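Below is one structure, written out as structure tokens; the observations come after it.
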Amino acid sequence: MPSNKSVSDAPITQFINCRILRDHKIQREDLWVREGKILDPEKLFFDEQGFADQRIDCNNKIIAPGFIDVQINGGYGVDFSQASSDISGGVSLVGKKILEHGVTSFCPTLVTSPPSVYHQVIPQIKVQNGGPHGAGVIGVHLEGPFISEEKRGAHPPKFLRSFKAGGVADLMETYGPLDNVAVVTLAPELENSGPVIQELARRGITVSVGHSMADLSQAEEAVIQGASFITHLFNAMLPFHHRDPGVVGLLTSEKVSQGRRVFYGMIADGIHTHPAALRIAHRAHPTGLVLVTDAVTAMGLPAGRHTLGQQEIDIQGLHAYVAGTNTLSGSIATMDMCVRHFRQATGCSVEDALEAASLRPAELLRLNHRKGTLDFNTDADFVVLDDALVVQETYIAGEQVWKK
């Protein structure tokens, strides 16, 4: 038990014989946990004269912050864009299954859908902490319907919308209340998008540029108005051109003011983005890269026909296509797979690969004061990995929630 001077009677767990990712470096250090938070051992020893109640030997494994997936459309037969009779049950099922891939928090993502679906689904996806029941829900990511018809990708054209009524009114009419919303992806070239971006940013909702025909100046204007993310870079946007680099140019734009950072999502599944493109993006702007799975219903399911939102998709090997076409429709990759592929494709450090799935999404969502790091007093959400970056165990609030 802790000593009499300890500020809490709660048990203290000490993870020993491990290498932990802290301050952008993997270092040989013990990890101390109490009441779901990471403890500062110096304060424990000197101020409280406390000690560990339980020691866990990690056998020289790596401990990294839990992974955060800000773009996941479903998986294991669940489609977040379907107004089913048990929406929260579907979210819970996916939340439970992704623990084995090191994901401790996620943003259930809805693709372009009719307003009736948004009004039914959004209120039922509640922001909640993770635990043995599954990964925590940070909030909903609404990808569409305010996107470009030319760059809609797998989004159904009949449900696309514009800001006809002047912007914010269209948003509320389409989505309903935004209480559970964390991210909105929109095309900034749509008329009246400026007031929408400003209003979303004012409410603390992350605005992402995506599925867009925007040129660089339109993308820069969106960032000035409050946008801070790019949805799956290179996919569903104008290709990079040397005279107008388009949305991709935000990675090195001089219009992004000091102290502001644009983040960008990357689907590192070996299909959506060529390894050379991954390398170019990472080398141009390493601290902005956020790994996303963009996983669809069929993640974790066998090949064949499945649904995504309002249409059918066809799974062939590792590819997910809109049925009857060669249009890619999300991925069936898991987050740990993306981390390993990103590391291998870019030759980046292990630290960079792990932070792209943890620290960077936490910074994007302004949660890095409690998630995405192993700093003292942050949430004890972490993943234990071997040297090949294969997940061995997942912890949420200091509690083991999955073991290989």
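Order determines the names: the first chain of the structure tokens is A, the second B, and so forth; residues in each chain are numbered 1 upward, and ligands are numbered 1 upward as they are shown.
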* To do: For A:Ala236, list every protein, DNA or RNA residue within 7 Å, evaluated using only C-alpha atoms, and leave out those in the same chain fewer than 6 positions away; present the list as a list in words.
  => Lys151, Arg152, Gly153, Gly210, His211 and Ser212 of chain A
Saved selection, atoms kept: N, CA, C and O atoms, as a CSV table (one decimal), in the first residue's frame:
```
chain,number,residue,atom,x,y,z
A,151,LYS,N,-15.2,16.1,-57.0
A,151,LYS,CA,-14.2,15.4,-56.1
A,151,LYS,C,-15.0,14.6,-55.1
A,151,LYS,O,-14.5,14.4,-54.0
A,152,ARG,N,-16.2,14.1,-55.4
A,152,ARG,CA,-17.0,13.4,-54.3
A,152,ARG,C,-16.4,12.0,-54.0
A,152,ARG,O,-16.8,11.5,-53.0
A,153,GLY,N,-15.6,11.5,-54.9
A,153,GLY,CA,-15.1,10.1,-54.7
A,153,GLY,C,-16.2,9.1,-54.6
A,153,GLY,O,-17.1,9.1,-55.5
A,210,GLY,N,-11.6,19.1,-47.6
A,210,GLY,CA,-11.5,17.8,-48.3
A,210,GLY,C,-12.6,17.6,-49.4
A,210,GLY,O,-13.5,18.4,-49.4
A,211,HIS,N,-12.4,16.6,-50.2
A,211,HIS,CA,-13.3,16.4,-51.3
A,211,HIS,C,-13.6,17.7,-52.0
A,211,HIS,O,-14.7,18.2,-52.1
A,212,SER,N,-12.5,18.3,-52.5
A,212,SER,CA,-12.5,19.7,-52.9
A,212,SER,C,-11.7,20.0,-54.2
A,212,SER,O,-10.7,19.3,-54.5
```
So that each row is one residue of stretch 318-387 of chain A with an atom at most 8 Å from stretch 98-103 of chain A, can you give its shortest atom pair and the distance in Å to one decimal, using only C-alpha atoms, rows by chain and rising number, as a tab-separated table?
```
residue	atom	partner	partner_atom	distance
A:Thr334	CA	A:His101	CA	6.5
A:Met335	CA	A:His101	CA	6.1
A:Asp336	CA	A:His101	CA	5.4
A:Phe382	CA	A:Gly102	CA	7.8
A:Val383	CA	A:Gly102	CA	5.7
```
Please produce an output containing N, CA and C atoms for each residue in the selection, written as a compact mmCIF listing (two decimals), in the first residue's frame.
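Final output, selection10.txt:
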```
# COMPACT_ATOMS: atom_id res chain seq x y z
N THR A 334 -6.24 -1.48 -40.67
CA THR A 334 -6.34 -1.16 -39.25
C THR A 334 -5.23 -0.17 -38.89
N MET A 335 -5.38 0.51 -37.75
CA MET A 335 -4.41 1.57 -37.42
C MET A 335 -3.00 1.03 -37.22
N ASP A 336 -2.85 -0.13 -36.58
CA ASP A 336 -1.50 -0.68 -36.38
C ASP A 336 -0.85 -1.03 -37.70
N PHE A 382 -2.58 3.75 -23.23
CA PHE A 382 -1.33 3.43 -23.93
C PHE A 382 -1.37 2.04 -24.53
N VAL A 383 -0.39 1.80 -25.38
CA VAL A 383 -0.31 0.53 -26.11
C VAL A 383 1.09 -0.04 -25.91
```
* Structure fact -> Between atom CA of A:Val290 and atom CA of A:Ile72 lies a distance of 13.1 Å
* atom CA of A:Asp57 to atom CA of A:Asp9: how many Å, to one decimal? ->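 Computing it gives 22.9 Å between the two atoms.
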* Test item: residues at most 12 Å from A:Ala353, only C-alpha atoms, excluding those fewer than 6 positions along its chain, as number ranges by chain -> A: 21, 24-26, 64-65, 67, 266, 268, 282, 286-287, 289-291, 335-347, 359-360, 388-389
* To do: One decimal, Å: what's the distance from atom CA of A:Trp32 over to atom CA of A:Asn17, could you say?
  =>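 Between atom CA of A:Trp32 and atom CA of A:Asn17 the gap is 12.2 Å.
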* Do a neighbour search on A:Glu149 at 12 Å with only C-alpha atoms, toss out local chain neighbours closer than 3 positions, and write the hits as JSON, numbers by chain. => {"A": [112, 144, 145, 146, 152, 153, 154, 155, 156, 157, 158, 159, 160, 161, 162, 186, 187, 189, 190, 210, 211, 212, 213, 236, 237]}
Selection to disk with C-alpha atoms, as a short mmCIF file (atom, residue, chain, number, x, y, z; two decimals), in the first residue's frame:
```cif
data_model
loop_
_atom_site.label_atom_id
_atom_site.label_comp_id
_atom_site.auth_asym_id
_atom_site.auth_seq_id
_atom_site.Cartn_x
_atom_site.Cartn_y
_atom_site.Cartn_z
CA THR A 112 -22.49 12.08 -47.24
CA GLY A 144 -19.85 15.70 -46.34
CA PRO A 145 -22.40 16.52 -47.71
CA PHE A 146 -20.94 20.03 -48.29
CA ARG A 152 -16.97 13.44 -54.34
CA GLY A 153 -15.08 10.12 -54.66
CA ALA A 154 -17.34 7.39 -53.26
CA HIS A 155 -19.91 9.86 -51.87
CA PRO A 156 -23.39 9.53 -53.45
CA PRO A 157 -24.04 12.62 -55.67
CA LYS A 158 -27.79 12.88 -54.96
CA PHE A 159 -27.19 13.78 -51.30
CA LEU A 160 -24.54 16.49 -51.87
CA ARG A 161 -25.53 19.96 -50.65
CA SER A 162 -24.38 23.56 -51.02
CA LEU A 186 -16.13 20.48 -46.35
CA ALA A 187 -15.04 21.98 -49.68
CA GLU A 189 -14.64 26.72 -52.63
CA LEU A 190 -18.41 26.34 -52.08
CA GLY A 210 -11.48 17.82 -48.31
CA HIS A 211 -13.31 16.38 -51.32
CA SER A 212 -12.49 19.72 -52.89
CA MET A 213 -11.56 21.45 -56.16
CA ALA A 236 -10.31 13.59 -53.65
CA MET A 237 -8.56 16.91 -54.41
#
```
* Filtered DSSP result for stretch 152-311 of chain A, state strand (DSSP E or B), as a list in words ->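 Those residues are Val181, Ala182, Val183, Val184, Thr185, Leu186, Thr206, Val207, Ser208, Val209, Ser212, Phe229, Ile230, Met237, Phe263, Tyr264, Gly265, Met266, Leu289, Val290, Leu291, Ala295, Gly304, Arg305, His306, Thr307, Leu308 and Gln311 of chain A.
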* Excluding A:Ala298 and residues on its chain fewer than 4 positions from it, collect all residues at most 7 Å away from it, counting only C-alpha atoms, and give them as a ChimeraX atom specification. => /A:75-77,306,332
Within 7 Å of stretch 78-95 of chain A, which residues of stretch 247-312 of chain A come that close, and what is the closest atom pair and distance in Å for each? Count only C-alpha atoms and give it as JSON lines.
```
{"residue": "A:Thr297", "atom": "CA", "partner": "A:Asp79", "partner_atom": "CA", "distance": 5.1}
{"residue": "A:Leu308", "atom": "CA", "partner": "A:Asp79", "partner_atom": "CA", "distance": 6.1}
{"residue": "A:Gly309", "atom": "CA", "partner": "A:Ser81", "partner_atom": "CA", "distance": 4.7}
```
Deliver the residues from the most recent selection as a file, using C-alpha atoms, as a PDB file, in the first residue's frame.
```
ATOM      1  CA  THR A 297     -17.838  -1.592 -42.854  1.00  0.00           C
ATOM      2  CA  LEU A 308     -21.056   2.120 -46.992  1.00  0.00           C
ATOM      3  CA  GLY A 309     -23.620   4.815 -46.289  1.00  0.00           C
TER       4      GLY A 309
END
```
* Asked: Quick one: residues within 12 Å of A:Gly136, only C-alpha atoms counted, chain neighbours fewer than 4 positions away excluded, as JSON, numbers by chain?
  -> {"A": [66, 67, 68, 69, 70, 91, 92, 93, 94, 95, 96, 98, 99, 103, 104, 105, 106, 107, 108, 125, 126, 127, 128, 129, 130, 131, 132, 140, 371, 379, 381, 395, 396, 397, 401]}
* Pick from A:Phe240, A:Ile16, A:Gly398, A:Leu39: nearest to A:Ile280, with only C-alpha atoms counted? ->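 Closest candidate: A:Phe240.
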* To do: Pull the helix (DSSP H, G or I) assignments for stretch 133-324 of chain A out of DSSP run on the backbone, and list those residues as a PyMOL selection string.
  => chain A and resi 157-159+168-175+193-202+216-225+246-252+275-284+286-288
Residues of stretch 222-243 of chain A within 10 Å of stretch 253-260 of chain A: nearest atom pair and distance (Å, one decimal) for each, counting only C-alpha atoms, sorted by chain and number, as a tab-separated table?
```
residue	atom	partner	partner_atom	distance
A:Val223	CA	A:Val256	CA	7.1
A:Ile224	CA	A:Val256	CA	7.3
A:Gly226	CA	A:Arg260	CA	9.9
A:Ser228	CA	A:Arg260	CA	8.3
```
Restricting the output to N, CA, C and O atoms, write the selected residues as an mmCIF file, in the first residue's frame.
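See selection-v4.cif below for the written result:
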```
data_model
loop_
_atom_site.group_PDB
_atom_site.id
_atom_site.type_symbol
_atom_site.label_atom_id
_atom_site.label_comp_id
_atom_site.auth_asym_id
_atom_site.auth_seq_id
_atom_site.Cartn_x
_atom_site.Cartn_y
_atom_site.Cartn_z
ATOM 1 N N VAL A 223 -8.029 28.300 -44.157
ATOM 2 C CA VAL A 223 -7.186 28.194 -42.959
ATOM 3 C C VAL A 223 -7.230 29.509 -42.172
ATOM 4 O O VAL A 223 -7.337 29.505 -40.940
ATOM 5 N N ILE A 224 -7.178 30.627 -42.879
ATOM 6 C CA ILE A 224 -7.266 31.934 -42.208
ATOM 7 C C ILE A 224 -8.591 32.028 -41.442
ATOM 8 O O ILE A 224 -8.663 32.572 -40.339
ATOM 9 N N GLY A 226 -10.177 29.538 -40.126
ATOM 10 C CA GLY A 226 -10.233 28.622 -38.982
ATOM 11 C C GLY A 226 -10.066 27.147 -39.287
ATOM 12 O O GLY A 226 -10.023 26.326 -38.365
ATOM 13 N N SER A 228 -8.175 23.684 -40.004
ATOM 14 C CA SER A 228 -6.859 23.272 -39.490
ATOM 15 C C SER A 228 -6.450 21.872 -39.947
ATOM 16 O O SER A 228 -5.417 21.370 -39.522
#
```
* stretch 272-274 of chain A environment, 12 Å, only C-alpha atoms, sequence neighbours closer than 2 positions dropped, as a ChimeraX atom specification -> /A:232-236,265-270,276-281,291-295,318-321,327-333,338,341-342,345-346
Would you write out those residues with N, CA and C atoms, as an mmCIF file, in the first residue's frame?
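Once everything was written out, this is result-v7.cif:
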```cif
data_model
loop_
_atom_site.group_PDB
_atom_site.id
_atom_site.type_symbol
_atom_site.label_atom_id
_atom_site.label_comp_id
_atom_site.auth_asym_id
_atom_site.auth_seq_id
_atom_site.Cartn_x
_atom_site.Cartn_y
_atom_site.Cartn_z
ATOM 1 N N HIS A 232 -7.748 13.153 -45.833
ATOM 2 C CA HIS A 232 -6.950 12.222 -46.666
ATOM 3 C C HIS A 232 -6.224 12.909 -47.831
ATOM 4 N N LEU A 233 -5.088 13.530 -47.468
ATOM 5 C CA LEU A 233 -4.255 14.274 -48.423
ATOM 6 C C LEU A 233 -4.024 13.471 -49.706
ATOM 7 N N PHE A 234 -4.060 14.177 -50.845
ATOM 8 C CA PHE A 234 -3.873 13.647 -52.208
ATOM 9 C C PHE A 234 -5.132 12.981 -52.751
ATOM 10 N N ASN A 235 -5.986 12.437 -51.876
ATOM 11 C CA ASN A 235 -7.196 11.769 -52.348
ATOM 12 C C ASN A 235 -8.353 12.763 -52.386
ATOM 13 N N ALA A 236 -9.118 12.752 -53.486
ATOM 14 C CA ALA A 236 -10.309 13.592 -53.650
ATOM 15 C C ALA A 236 -9.977 15.087 -53.575
ATOM 16 N N GLY A 265 -4.505 14.384 -42.940
ATOM 17 C CA GLY A 265 -4.721 12.953 -42.767
ATOM 18 C C GLY A 265 -4.081 12.161 -43.895
ATOM 19 N N MET A 266 -3.525 11.019 -43.556
ATOM 20 C CA MET A 266 -2.926 10.127 -44.551
ATOM 21 C C MET A 266 -3.439 8.709 -44.330
ATOM 22 N N ILE A 267 -3.937 8.100 -45.414
ATOM 23 C CA ILE A 267 -4.342 6.694 -45.355
ATOM 24 C C ILE A 267 -3.129 5.883 -45.808
ATOM 25 N N ALA A 268 -2.352 5.407 -44.845
ATOM 26 C CA ALA A 268 -1.108 4.697 -45.173
ATOM 27 C C ALA A 268 -1.387 3.188 -45.255
ATOM 28 N N ASP A 269 -2.262 2.824 -46.205
ATOM 29 C CA ASP A 269 -2.627 1.404 -46.323
ATOM 30 C C ASP A 269 -1.922 0.719 -47.483
ATOM 31 N N GLY A 270 -1.023 1.468 -48.176
ATOM 32 C CA GLY A 270 -0.320 0.882 -49.318
ATOM 33 C C GLY A 270 -1.147 0.904 -50.587
ATOM 34 N N ALA A 276 5.992 7.018 -52.431
ATOM 35 C CA ALA A 276 6.738 8.255 -52.733
ATOM 36 C C ALA A 276 5.942 9.483 -52.303
ATOM 37 N N ALA A 277 4.611 9.438 -52.483
ATOM 38 C CA ALA A 277 3.768 10.563 -52.063
ATOM 39 C C ALA A 277 3.760 10.686 -50.538
ATOM 40 N N LEU A 278 3.725 9.541 -49.857
ATOM 41 C CA LEU A 278 3.821 9.548 -48.385
ATOM 42 C C LEU A 278 5.124 10.200 -47.944
ATOM 43 N N ARG A 279 6.214 9.834 -48.622
ATOM 44 C CA ARG A 279 7.536 10.383 -48.260
ATOM 45 C C ARG A 279 7.590 11.888 -48.502
ATOM 46 N N ILE A 280 7.057 12.332 -49.651
ATOM 47 C CA ILE A 280 7.075 13.771 -49.974
ATOM 48 C C ILE A 280 6.331 14.552 -48.897
ATOM 49 N N ALA A 281 5.137 14.085 -48.544
ATOM 50 C CA ALA A 281 4.329 14.802 -47.545
ATOM 51 C C ALA A 281 5.047 14.832 -46.202
ATOM 52 N N LEU A 291 -2.091 9.900 -39.114
ATOM 53 C CA LEU A 291 -2.520 8.653 -39.749
ATOM 54 C C LEU A 291 -4.007 8.430 -39.473
ATOM 55 N N VAL A 292 -4.753 8.091 -40.519
ATOM 56 C CA VAL A 292 -6.171 7.724 -40.382
ATOM 57 C C VAL A 292 -6.367 6.396 -41.102
ATOM 58 N N THR A 293 -7.348 5.625 -40.658
ATOM 59 C CA THR A 293 -7.619 4.374 -41.392
ATOM 60 C C THR A 293 -8.604 4.607 -42.523
ATOM 61 N N ASP A 294 -9.565 5.521 -42.344
ATOM 62 C CA ASP A 294 -10.686 5.672 -43.290
ATOM 63 C C ASP A 294 -11.345 4.303 -43.514
ATOM 64 N N ALA A 295 -11.357 3.493 -42.461
ATOM 65 C CA ALA A 295 -11.863 2.121 -42.567
ATOM 66 C C ALA A 295 -13.367 2.107 -42.790
ATOM 67 N N LEU A 318 -7.170 -6.326 -50.491
ATOM 68 C CA LEU A 318 -7.077 -5.190 -49.573
ATOM 69 C C LEU A 318 -7.758 -3.944 -50.131
ATOM 70 N N HIS A 319 -8.428 -4.095 -51.310
ATOM 71 C CA HIS A 319 -9.078 -2.952 -51.946
ATOM 72 C C HIS A 319 -10.577 -2.937 -51.653
ATOM 73 N N ALA A 320 -11.115 -1.722 -51.395
ATOM 74 C CA ALA A 320 -12.566 -1.539 -51.261
ATOM 75 C C ALA A 320 -13.007 -0.579 -52.368
ATOM 76 N N TYR A 321 -13.886 -1.049 -53.273
ATOM 77 C CA TYR A 321 -14.359 -0.242 -54.398
ATOM 78 C C TYR A 321 -15.858 0.009 -54.288
ATOM 79 N N THR A 327 -13.617 2.983 -58.388
ATOM 80 C CA THR A 327 -13.458 4.099 -57.439
ATOM 81 C C THR A 327 -13.201 3.539 -56.040
ATOM 82 N N LEU A 328 -12.076 3.927 -55.446
ATOM 83 C CA LEU A 328 -11.766 3.473 -54.085
ATOM 84 C C LEU A 328 -12.788 4.036 -53.103
ATOM 85 N N SER A 329 -13.165 3.224 -52.144
ATOM 86 C CA SER A 329 -14.203 3.617 -51.182
ATOM 87 C C SER A 329 -13.726 3.309 -49.775
ATOM 88 N N GLY A 330 -12.880 4.187 -49.230
ATOM 89 C CA GLY A 330 -12.349 3.915 -47.899
ATOM 90 C C GLY A 330 -11.401 2.726 -47.937
ATOM 91 N N SER A 331 -10.971 2.298 -46.765
ATOM 92 C CA SER A 331 -9.976 1.228 -46.698
ATOM 93 C C SER A 331 -10.462 0.143 -45.750
ATOM 94 N N ILE A 332 -9.739 -0.962 -45.734
ATOM 95 C CA ILE A 332 -10.040 -1.992 -44.732
ATOM 96 C C ILE A 332 -8.804 -2.214 -43.852
ATOM 97 N N ALA A 333 -7.962 -1.171 -43.832
ATOM 98 C CA ALA A 333 -6.744 -1.238 -43.019
ATOM 99 C C ALA A 333 -7.060 -0.941 -41.563
ATOM 100 N N CYS A 338 -1.401 0.600 -40.514
ATOM 101 C CA CYS A 338 -1.005 1.895 -41.088
ATOM 102 C C CYS A 338 0.297 2.402 -40.470
ATOM 103 N N HIS A 341 3.115 0.309 -41.997
ATOM 104 C CA HIS A 341 3.344 0.628 -43.411
ATOM 105 C C HIS A 341 3.978 2.009 -43.559
ATOM 106 N N PHE A 342 3.500 2.962 -42.757
ATOM 107 C CA PHE A 342 4.042 4.323 -42.809
ATOM 108 C C PHE A 342 5.535 4.317 -42.471
ATOM 109 N N ALA A 345 7.397 2.600 -45.426
ATOM 110 C CA ALA A 345 7.362 3.334 -46.693
ATOM 111 C C ALA A 345 8.194 4.608 -46.652
ATOM 112 N N THR A 346 8.249 5.262 -45.482
ATOM 113 C CA THR A 346 8.943 6.551 -45.399
ATOM 114 C C THR A 346 10.350 6.433 -44.829
#
```
